[in-house]
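*Asks:* Dropping a structure here in structure tokens format, bear with me for questions.
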Amino acid sequence: MTEFGLTLSSEEWGPKDLVEMARKAEDAGFDFVSISDHYHPWIEAQGHSPFVWGVLGAIGQATDTLQVGVGVTCPIVRIHPAVVAQAAATASLLLDGRFTFGIGSGENLNEHILGHRWPPADVRLAMLEEALEIMRTLWTGDRLDHRGDFYEVDNAKVYDPPTDDLTVVVSAFGRKAVELAARIGDGLWSSGPDKDLDAVWRDAGGSGPKYGQVNIAYGTDEAECRKRVVEEWPNAGFPGELSQDLPTPAHFDQLADLLTEEQAIGPTPCGPDLDGIVGAVQTYLDAGYDHVYLHQVGDPDDLLGVWHSELGDRVRALRPA
């Protein structure tokens, strides 16, 4: 069964706003929300980045049935996986089994802050695999001593482990990462309706939920919506591996300045036409996604209203080609 969600963009909103958005998303009929885990926003204009683990506890108290996913946490550099394991376990308890844990190999933007070297991609994937091994062992409630290639854990025990198995959805964008996600994860968190990567995922034995975000800018004025994307969310236009390697919002601002309007907006549906949003969702369903969530660039209230009145029914009627 396909589920539909709303992005809680930590880069664009403060902690109280994010909690209120989650409550409104539940009222509007969304199945889940995905909240980003960043230390910095992508660009200065976004202006926010609260600590996701504090926000998750508040969302657990503000909602009753809404599923909540972190999309995604990097447990390899900025925070040791033993500490992330404790945080995720606590979040799962506060959300009463409504929690899905997305993990990935991260971006230098968020992970360089303690002065550690930013590893190359192959090393990051190996670190992610070892980190998940540590976390899954700690979630059993057993005591752990670990001496690995990248991490040491000394006599650690999570005294409040999850009551059920945590679903861990692994983020991946390239072939090697997708193959790793298929091997170690309970699902795939990816970006863009890429049927080739879906084939890699399936061929590597991948199974479980597949999460993908659709960027939109819904509003009554198309020109204003396009302007908002260019100024507040040019991220989709950043090419190649730069999103993983640039260290500061200032660097991303410099990159954004080089993009044309069309590059910054890319495939993002802008304005009041719901057909564009429905069509974008359809491409994700056709590429194998079964958890599709909408990221509204700008104030989400208009989107929440139209989702409840019309858009939700149209999207739920879609089927993969």
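To be explicit about the labels: the chains of the structure tokens are called A, B, and onward in the order shown, and within each one the residues are counted from 1, while ligands get numbers from 1 in the order they are shown.
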Quick one: everything within 6 Å of segment 169-186 of chain A, counting only C-alpha atoms, minus sequence neighbours fewer than 4 positions away in the same chain. Send it as a list in words.
*Replies:*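 Skipping anything fewer than 4 positions along the chain leaves Gly102, Ile103, Gly104, Ser190, Trp201, Ala204, Gly205, Gly206 and Gly208 of chain A.
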*Asks:* Please provide as a PyMOL selection string all residues within 12 Å of Gln213 of chain A, with the sequence filter that same-chain residues fewer than 2 positions apart are discarded (counting only C-alpha atoms).
*Replies:* chain A and resi 4-9+33-36+71-72+171+189-193+210-211+215-216+236+268+277+280-281+283-285+289-296
*Asks:* Given the choices A:His40, A:Ser10, A:Glu3, A:Asp160, which gets closest to Ala250 of chain A if the distance is worked out from only C-alpha atoms?
*Replies:*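 Between A:His40, A:Ser10, A:Glu3, A:Asp160, the residue approaching Ala250 of chain A most closely is A:His40.
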*Asks:* Nearest to Gly141 of chain A among A:Gly47, A:Glu310, A:Asp164, A:Leu125, with distances taken over only C-alpha atoms: which residue is it?
*Replies:*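 Of A:Gly47, A:Glu310, A:Asp164, A:Leu125, the one nearest Gly141 of chain A is A:Asp164, counting only C-alpha atoms.
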*Asks:* If we count only C-alpha atoms and set the cut-off at 12 Å, which residues sit around His80 of chain A, ignoring sequence neighbours fewer than 3 positions away in its own chain? Please answer as a PyMOL selection string.
*Replies:* chain A and resi 73-77+83-87+111+114+127-128+130-132+134-135+150-153
*Asks:* Distance atom CA of Gly298 of chain A-atom CA of Pro234 of chain A, one decimal place?
*Replies:* 12.5 Å
*Asks:* Would you please give, as a PyMOL selection string, all residues of segment 22-183 of chain A that DSSP assigns to alpha helix (DSSP H) based on the backbone?
*Replies:* chain A and resi 22-28+52-62+81-94+108-111+121-139+175-183
*Asks:* Pick out the closest residue to Ala22 of chain A from this set: A:Asp257, A:Asp165, A:Asp64, A:Glu262. Count only C-alpha atoms.
*Replies:* A:Asp64
*Asks:* List the spatial neighbours of Gly288 of chain A as a list in words - criterion: any atom at most 8 Å away, only C-alpha atoms, same-chain residues fewer than 6 positions off excluded.
*Replies:*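 Near neighbours after the sequence-gap exclusion: Lys195, Asp198, Lys210 and Pro320 of chain A.
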*Asks:* Return the single residue from A:Asp302, A:Glu261, A:Asp122, A:Glu129 that is closest to Ala223 of chain A, with distances computed using only C-alpha atoms.
*Replies:*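 Result for the nearest residue to Ala223 of chain A: A:Glu261.
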*Asks:* Identify, on the basis of only C-alpha atoms, every residue whose closest approach to Gln254 of chain A does not exceed 10 Å; exclude the query and any residue fewer than 5 positions from it along the same chain; express the result as a PyMOL selection string.
*Replies:* chain A and resi 43+249+259
*Asks:* What is the atom CA of Val19 of chain A to atom CA of Gln46 of chain A distance in Å?
*Replies:*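 Taking atom CA of Val19 of chain A as the start and atom CA of Gln46 of chain A as the end point, the length is 17.6 Å.
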*Asks:* Nearest to Leu242 of chain A among A:Ala88, A:Leu18, A:Leu318, A:Leu109, with distances taken over only C-alpha atoms: which residue is it?
*Replies:*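 When distances to Leu242 of chain A are compared using only C-alpha atoms, the smallest one comes from A:Leu109.
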*Asks:* Rounded to one decimal place, report the atom CA of Gly69 of chain A-atom CA of Asp154 of chain A distance in Å.
*Replies:* 29.2 Å
